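Next up, structure-v5.txt (compact mmCIF, C-alpha atoms):
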```txt
# COMPACT_ATOMS: atom_id res chain seq x y z
CA MET A 1 6.60 1.86 -0.29
CA LYS A 2 3.71 3.98 -1.52
CA ASN A 3 2.72 7.31 -0.04
CA GLN A 4 -0.94 7.22 0.89
CA PRO A 5 -3.19 9.59 2.91
CA PHE A 6 -3.34 8.84 6.63
CA SER A 7 -6.52 7.38 8.10
CA PRO A 8 -6.90 7.60 11.89
CA ILE A 9 -6.78 4.25 13.68
CA PRO A 10 -9.98 3.49 15.63
CA GLU A 11 -9.62 3.34 19.42
CA GLU A 12 -10.52 -0.35 19.66
CA ILE A 13 -7.65 -1.23 17.30
CA ILE A 14 -5.25 1.01 19.23
CA ALA A 15 -6.26 -0.66 22.51
CA LYS A 16 -5.76 -4.13 21.03
CA SER A 17 -2.33 -3.13 19.65
CA LEU A 18 -1.19 -1.59 22.94
CA ALA A 19 -2.21 -4.78 24.75
CA GLU A 20 0.05 -6.79 22.40
CA MET A 21 3.11 -4.53 22.63
CA LYS A 22 5.68 -5.00 25.37
CA PHE A 23 6.92 -1.96 27.24
CA SER A 24 10.02 -1.58 29.43
CA ASP A 25 9.72 -1.20 33.19
CA LYS A 26 9.65 2.56 32.47
CA GLY A 27 6.67 2.08 30.14
CA LEU A 28 8.70 2.73 26.99
CA ILE A 29 9.30 0.98 23.67
CA PRO A 30 11.95 1.89 21.04
CA ALA A 31 10.73 3.23 17.69
CA ILE A 32 12.77 3.34 14.48
CA ALA A 33 11.78 5.98 11.90
CA GLN A 34 12.38 5.13 8.23
CA GLN A 35 11.72 7.40 5.25
CA GLY A 36 9.03 5.79 3.10
CA ASP A 37 10.14 6.70 -0.40
CA ASP A 38 13.86 5.86 -0.22
CA GLY A 39 14.11 3.62 2.85
CA GLU A 40 16.67 5.79 4.68
CA ILE A 41 16.83 5.22 8.44
CA LEU A 42 16.23 8.61 10.00
CA MET A 43 16.41 8.13 13.77
CA MET A 44 15.54 5.96 16.75
CA ALA A 45 13.60 7.32 19.73
CA TRP A 46 11.18 6.08 22.39
CA MET A 47 7.40 6.00 22.70
CA ASN A 48 5.03 5.39 25.57
CA GLN A 49 1.34 4.50 25.30
CA ASP A 50 0.23 8.15 25.10
CA ALA A 51 2.74 8.88 22.31
CA ILE A 52 1.56 5.83 20.35
CA ARG A 53 -2.11 6.81 20.76
CA GLU A 54 -1.44 10.38 19.61
CA THR A 55 0.58 9.17 16.59
CA LEU A 56 -2.10 6.70 15.52
CA THR A 57 -4.95 9.21 15.82
CA THR A 58 -3.28 12.32 14.36
CA GLY A 59 -0.91 10.79 11.79
CA GLN A 60 1.90 13.06 13.06
CA VAL A 61 4.65 11.18 14.88
CA CYS A 62 4.89 11.88 18.61
CA TYR A 63 7.64 10.35 20.79
CA TRP A 64 8.34 10.38 24.53
CA SER A 65 11.31 12.54 25.49
CA ARG A 66 13.30 10.74 28.19
CA SER A 67 15.35 13.89 28.93
CA ARG A 68 12.34 16.21 29.24
CA GLN A 69 9.98 13.50 30.55
CA SER A 70 7.17 14.74 28.32
CA LEU A 71 5.51 14.04 24.99
CA TRP A 72 7.77 15.09 22.11
CA ARG A 73 5.73 16.15 19.10
CA LYS A 74 8.45 15.75 16.48
CA GLY A 75 8.87 19.02 14.59
CA GLU A 76 6.74 21.14 16.95
CA THR A 77 9.61 23.59 17.46
CA SER A 78 11.68 23.00 14.31
CA GLY A 79 8.87 22.43 11.80
CA GLN A 80 10.56 19.16 10.74
CA VAL A 81 7.50 16.93 11.25
CA GLN A 82 7.15 13.24 10.44
CA VAL A 83 3.93 12.24 8.68
CA LEU A 84 3.01 8.63 9.45
CA GLN A 85 2.60 6.24 6.52
CA HIS A 86 2.82 2.82 8.20
CA PHE A 87 3.03 1.72 11.85
CA ARG A 88 4.61 -1.71 12.30
CA TYR A 89 6.06 -3.70 15.16
CA ASP A 90 8.24 -6.75 15.38
CA CYS A 91 7.88 -10.46 16.13
CA ASP A 92 8.70 -9.94 19.82
CA GLN A 93 6.28 -6.98 20.03
CA ASP A 94 9.00 -4.90 21.70
CA THR A 95 10.21 -2.61 18.88
CA ILE A 96 8.25 -0.29 16.58
CA LEU A 97 9.02 0.62 12.95
CA LEU A 98 7.50 3.91 11.80
CA ILE A 99 7.48 4.43 8.05
CA VAL A 100 7.15 8.16 7.60
CA ASP A 101 7.46 11.11 5.31
CA GLN A 102 10.05 13.30 7.01
CA LYS A 103 9.63 16.98 6.20
CA GLY A 104 13.11 18.54 5.94
CA VAL A 105 15.58 16.86 8.28
CA ALA A 106 15.25 14.40 11.16
CA CYS A 107 18.43 15.28 13.06
CA HIS A 108 18.86 18.22 15.43
CA THR A 109 22.28 18.80 13.80
CA GLY A 110 20.50 19.72 10.55
CA ARG A 111 21.28 16.44 8.81
CA ARG A 112 18.66 14.32 7.08
CA SER A 113 19.44 11.26 9.25
CA CYS A 114 20.87 10.94 12.75
CA PHE A 115 23.11 8.04 11.64
CA TYR A 116 26.01 9.98 10.16
CA HIS A 117 28.96 8.53 12.13
CA GLU A 118 30.64 5.60 10.40
CA ILE A 119 33.43 3.35 11.65
CA THR A 120 35.77 2.52 8.77
CA PRO A 121 39.19 0.82 8.56
CA ASP A 122 40.66 4.31 8.06
CA GLY A 123 38.98 5.79 11.15
CA LEU A 124 35.72 7.51 12.08
CA LYS A 125 34.00 9.29 9.20
CA ILE A 126 31.05 11.68 8.92
CA THR A 127 28.84 10.37 6.12
CA GLN A 128 26.31 13.20 5.76
CA ASP A 129 26.48 16.96 5.36
CA VAL A 130 24.38 19.45 7.29
CA THR A 131 21.58 20.53 4.95
CA ILE A 132 19.77 23.01 7.24
CA ASP A 133 21.64 25.27 9.66
CA PRO A 134 20.51 24.24 13.19
CA ALA A 135 20.19 27.95 14.08
CA ARG A 136 17.37 28.08 11.50
CA LEU A 137 15.70 25.03 13.06
CA TYR A 138 15.67 26.23 16.64
CA GLY A 139 16.37 29.99 16.41
CA ASP A 140 19.42 31.75 17.78
CA LYS A 141 19.48 31.51 21.54
CA MET B 1 24.30 1.30 -0.87
CA LYS B 2 27.08 -0.67 -2.51
CA ASN B 3 28.18 -4.14 -1.49
CA GLN B 4 31.91 -4.17 -0.83
CA PRO B 5 34.27 -6.72 0.77
CA PHE B 6 34.70 -6.33 4.54
CA SER B 7 37.99 -5.03 5.92
CA PRO B 8 38.63 -5.63 9.64
CA ILE B 9 38.63 -2.49 11.78
CA PRO B 10 41.96 -1.94 13.59
CA GLU B 11 41.86 -2.18 17.40
CA GLU B 12 42.78 1.48 17.96
CA ILE B 13 39.77 2.60 15.90
CA ILE B 14 37.49 0.14 17.73
CA ALA B 15 38.73 1.47 21.09
CA LYS B 16 38.12 5.08 20.01
CA SER B 17 34.63 4.23 18.76
CA LEU B 18 33.70 2.35 21.95
CA ALA B 19 34.84 5.34 24.01
CA GLU B 20 32.45 7.57 22.04
CA MET B 21 29.41 5.29 22.24
CA LYS B 22 27.02 5.47 25.18
CA PHE B 23 25.90 2.24 26.79
CA SER B 24 22.97 1.63 29.13
CA ASP B 25 23.50 0.87 32.81
CA LYS B 26 23.51 -2.78 31.72
CA GLY B 27 26.33 -2.08 29.23
CA LEU B 28 24.09 -2.40 26.17
CA ILE B 29 23.28 -0.30 23.10
CA PRO B 30 20.46 -0.95 20.60
CA ALA B 31 21.45 -1.93 17.05
CA ILE B 32 19.18 -1.74 13.99
CA ALA B 33 19.98 -4.08 11.10
CA GLN B 34 19.14 -2.87 7.58
CA GLN B 35 19.60 -4.81 4.36
CA GLY B 36 22.13 -2.96 2.20
CA ASP B 37 20.78 -3.50 -1.29
CA ASP B 38 17.10 -2.70 -0.77
CA GLY B 39 17.05 -0.80 2.53
CA GLU B 40 14.62 -3.16 4.28
CA ILE B 41 14.72 -2.98 8.09
CA LEU B 42 15.41 -6.52 9.24
CA MET B 43 15.48 -6.43 13.06
CA MET B 44 16.58 -4.58 16.17
CA ALA B 45 18.69 -6.23 18.85
CA TRP B 46 21.30 -5.27 21.45
CA MET B 47 25.08 -5.22 21.50
CA ASN B 48 27.66 -4.89 24.26
CA GLN B 49 31.32 -3.96 23.84
CA ASP B 50 32.38 -7.56 23.18
CA ALA B 51 29.70 -8.00 20.50
CA ILE B 52 30.76 -4.77 18.79
CA ARG B 53 34.43 -5.77 18.85
CA GLU B 54 33.66 -9.20 17.39
CA THR B 55 31.45 -7.71 14.66
CA LEU B 56 34.07 -5.13 13.67
CA THR B 57 36.90 -7.65 13.51
CA THR B 58 35.14 -10.59 11.86
CA GLY B 59 32.60 -8.82 9.64
CA GLN B 60 29.89 -11.21 10.84
CA VAL B 61 27.27 -9.56 13.02
CA CYS B 62 27.28 -10.63 16.67
CA TYR B 63 24.69 -9.35 19.17
CA TRP B 64 24.25 -9.76 22.93
CA SER B 65 21.35 -12.00 23.87
CA ARG B 66 19.55 -10.49 26.86
CA SER B 67 17.55 -13.69 27.41
CA ARG B 68 20.55 -16.03 27.28
CA GLN B 69 23.03 -13.47 28.71
CA SER B 70 25.65 -14.47 26.17
CA LEU B 71 27.09 -13.44 22.82
CA TRP B 72 24.64 -14.17 20.02
CA ARG B 73 26.45 -14.91 16.79
CA LYS B 74 23.59 -14.27 14.41
CA GLY B 75 23.00 -17.31 12.21
CA GLU B 76 25.29 -19.65 14.18
CA THR B 77 22.45 -22.16 14.63
CA SER B 78 20.18 -21.25 11.72
CA GLY B 79 22.80 -20.40 9.10
CA GLN B 80 21.07 -17.07 8.49
CA VAL B 81 24.15 -14.90 9.02
CA GLN B 82 24.46 -11.15 8.56
CA VAL B 83 27.57 -9.95 6.72
CA LEU B 84 28.54 -6.45 7.79
CA GLN B 85 28.76 -3.75 5.11
CA HIS B 86 28.70 -0.53 7.15
CA PHE B 87 28.72 0.19 10.90
CA ARG B 88 27.19 3.56 11.79
CA TYR B 89 25.95 5.23 14.95
CA ASP B 90 23.82 8.25 15.63
CA CYS B 91 24.22 11.87 16.74
CA ASP B 92 23.66 10.95 20.39
CA GLN B 93 26.07 7.99 20.13
CA ASP B 94 23.48 5.74 21.73
CA THR B 95 22.06 3.75 18.79
CA ILE B 96 23.84 1.68 16.14
CA LEU B 97 22.83 1.15 12.51
CA LEU B 98 24.25 -2.00 10.92
CA ILE B 99 24.02 -2.13 7.14
CA VAL B 100 24.29 -5.79 6.28
CA ASP B 101 23.82 -8.48 3.72
CA GLN B 102 21.34 -10.85 5.37
CA LYS B 103 21.70 -14.42 4.16
CA GLY B 104 18.23 -15.95 3.97
CA VAL B 105 15.91 -14.53 6.62
CA ALA B 106 16.44 -12.39 9.72
CA CYS B 107 13.39 -13.47 11.72
CA HIS B 108 13.12 -16.63 13.80
CA THR B 109 9.60 -17.07 12.36
CA GLY B 110 11.16 -17.63 8.93
CA ARG B 111 10.24 -14.20 7.58
CA ARG B 112 12.76 -11.90 5.91
CA SER B 113 12.14 -9.08 8.44
CA CYS B 114 10.96 -9.13 12.06
CA PHE B 115 8.68 -6.13 11.42
CA TYR B 116 5.67 -7.91 9.94
CA HIS B 117 2.86 -6.70 12.23
CA GLU B 118 1.07 -3.61 10.93
CA ILE B 119 -1.62 -1.53 12.60
CA THR B 120 -4.15 -0.40 9.98
CA PRO B 121 -7.56 1.30 10.18
CA ASP B 122 -9.08 -2.12 9.42
CA GLY B 123 -7.20 -3.92 12.20
CA LEU B 124 -3.91 -5.71 12.74
CA LYS B 125 -2.38 -7.17 9.58
CA ILE B 126 0.54 -9.51 8.85
CA THR B 127 2.56 -7.89 6.05
CA GLN B 128 5.06 -10.65 5.23
CA ASP B 129 4.82 -14.34 4.46
CA VAL B 130 7.05 -17.02 5.97
CA THR B 131 9.68 -17.86 3.35
CA ILE B 132 11.63 -20.54 5.24
CA ASP B 133 9.92 -23.05 7.53
CA PRO B 134 11.28 -22.39 11.07
CA ALA B 135 11.65 -26.17 11.53
CA ARG B 136 14.28 -26.01 8.78
CA LEU B 137 16.08 -23.14 10.54
CA TYR B 138 16.33 -24.69 13.97
CA GLY B 139 15.61 -28.38 13.39
CA ASP B 140 12.68 -30.32 14.83
CA LYS B 141 12.88 -30.46 18.61
```
Give the structure from the file, written as C-alpha cells.
Amino acid sequence: MKNQPFSPIPEEIIAKSLAEMKFSDKGLIPAIAQQGDDGEILMMAWMNQDAIRETLTTGQVCYWSRSRQSLWRKGETSGQVQVLQHFRYDCDQDTILLIVDQKGVACHTGRRSCFYHEITPDGLKITQDVTIDPARLYGDK
Amino acid sequence: MKNQPFSPIPEEIIAKSLAEMKFSDKGLIPAIAQQGDDGEILMMAWMNQDAIRETLTTGQVCYWSRSRQSLWRKGETSGQVQVLQHFRYDCDQDTILLIVDQKGVACHTGRRSCFYHEITPDGLKITQDVTIDPARLYGDK
C-alpha cells in the first residue's frame, strides 16, 4: 500500500459517507487501524461522527474515547500520532478500516501493536516487546 | 507470518483465556480476521464464548451471528472457510485478532475482503472487484 500525501475530504463527500455508515445506538462505529507499509494490525477503537469528520478533514486519526466520553486525538499526549492514508469501510457499512502511518507505537504499553497476547497450545504468550517505556510516553505521574 | 498446522488448544488454556477476555453486556467480543500470508484485513465479526471455544478446538473459525442469534461456522454454506493460524487479543482484552488462511473469499458479495468502500477526495470508490459470483457461493434462490 503506497504512502501518499493526505488530501482533505470535501464536506459533501463526508456527509454522503456518514449517511451510508451505520452507527450503534450510542452513535459509535468500530475502527481498525492497520499500518500501511507492512500491514500490521495496530489497534481497534471507536469513532463517532465528529471523530470521523475530524479525521477526514485533518488527516490525523481521531477516535471517540468511551471511558472519557470525549474526542481522543490519537497521540495528542504521547506524540504517537496516526497519519491517515486510506479510510475504508465494509460491506455492511458498520466497521471502518483506517490505513495509517503510525508514528512510534500504537499501544499505551509501549508496544507497536495492541495485539500482543497470543493463545497457543503451550499457554498464553506475549508476542511483542515494549519498544518505548510508557513513562516516556505519558510522563512520570 | 508463517503458515503452520493447527494444534488444538487444551481446555485449561481456553478457560484461562476466556477468564481474561472482556465481553460486552450481550456476551460478545469483536474479532478481526486477517489473512496470514499477505496481511490483508478480511472482515470483522463477533464471537461469544462458545464460538471462541469451537474455533480454538477445531481450528476452523466460528463466529456468533447477531442477526441469526446462532453460531456462525464461517464457510459452512459457501465453502469459504477460514483456517486458524494464530489467535491473539489486545492490551484491553476486549478485541480479538484472528490470523487465518481464508479459502476463496471472505465477503458475501464475492470479494476477497469486506473492506472495499473507500472515501477519497474525489468521492466514494469501490476498491475491489468481485472474484466469485455470489450466486455460486450461496446458490440461486
Practice prompt. Would you kindly return, as a list in words, each protein, DNA or RNA residue with an atom no farther than 12 Å from any atom of Phe23 of chain B, considering all atoms listed in the file and excluding same-chain residues fewer than 2 positions away?
Written response: Leu18, Ala19, Glu20, Met21, Asp25, Lys26, Gly27, Leu28, Ile29, Pro30, Ala31, Trp46, Met47, Asn48, Gln49, Ile52, Asp92, Gln93, Asp94, Thr95 and Ile96 of chain B
Worksheet item: So how many Å separate atom CA of Ile132 of chain B and atom CA of Leu42 of chain B, to one decimal?
Response: 15.1 Å
Closest atom pairs, chain B residues within 6 Å of chain A, all atoms listed in the file, as a Markdown table:
```
| residue | atom | partner | partner_atom | distance |
| --- | --- | --- | --- | --- |
| B:Ile9 | CA | A:Pro121 | CA | 4.7 |
| B:Ile13 | CA | A:Gly123 | CA | 5.8 |
| B:Gly39 | CA | A:Gly39 | CA | 5.3 |
| B:Phe87 | CA | A:Ile119 | CA | 5.7 |
| B:Arg88 | CA | A:Glu118 | CA | 4.2 |
| B:Tyr89 | CA | A:Phe115 | CA | 5.2 |
| B:Asp90 | CA | A:Phe115 | CA | 4.1 |
| B:Cys91 | CA | A:Cys114 | CA | 5.3 |
| B:Cys114 | CA | A:Asp90 | CA | 4.9 |
| B:Phe115 | CA | A:Asp90 | CA | 4.0 |
| B:His117 | CA | A:Tyr89 | CA | 5.3 |
| B:Glu118 | CA | A:Arg88 | CA | 4.2 |
| B:Ile119 | CA | A:Phe87 | CA | 5.7 |
| B:Pro121 | CA | A:Ile9 | CA | 4.6 |
| B:Gly123 | CA | A:Ile13 | CA | 5.8 |
```
Let me see the file: selected residues, C-alpha atoms, as a short mmCIF file (atom, residue, chain, number, x, y, z; two decimals), keeping the file's coordinate frame.
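See selection28.cif below for the written result:
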```cif
data_model
loop_
_atom_site.label_atom_id
_atom_site.label_comp_id
_atom_site.auth_asym_id
_atom_site.auth_seq_id
_atom_site.Cartn_x
_atom_site.Cartn_y
_atom_site.Cartn_z
CA ILE B 9 38.63 -2.49 11.78
CA ILE B 13 39.77 2.60 15.90
CA GLY B 39 17.05 -0.80 2.53
CA PHE B 87 28.72 0.19 10.90
CA ARG B 88 27.19 3.56 11.79
CA TYR B 89 25.95 5.23 14.95
CA ASP B 90 23.82 8.25 15.63
CA CYS B 91 24.22 11.87 16.74
CA CYS B 114 10.96 -9.13 12.06
CA PHE B 115 8.68 -6.13 11.42
CA HIS B 117 2.86 -6.70 12.23
CA GLU B 118 1.07 -3.61 10.93
CA ILE B 119 -1.62 -1.53 12.60
CA PRO B 121 -7.56 1.30 10.18
CA GLY B 123 -7.20 -3.92 12.20
#
```
Worksheet entry | Point (7.8, 22.1, 15.0) neighbourhood (12 Å, only C-alpha atoms) written as a ChimeraX atom specification | /A:60-62,72-82,103-106,108,136-139
Worksheet item: What separation in Å, quoted to one decimal, exists between atom CA of Gly59 of chain B and atom CA of Leu84 of chain B?
Response: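 Distance reported for this atom pair: 5.1 Å.
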Worksheet item: What does the distance between atom CA of Asp133 of chain B and atom CA of Asp101 of chain B come to in Å, to one decimal place?
Response: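 Answer for the atom CA of Asp133 of chain B to atom CA of Asp101 of chain B separation: 20.5 Å.
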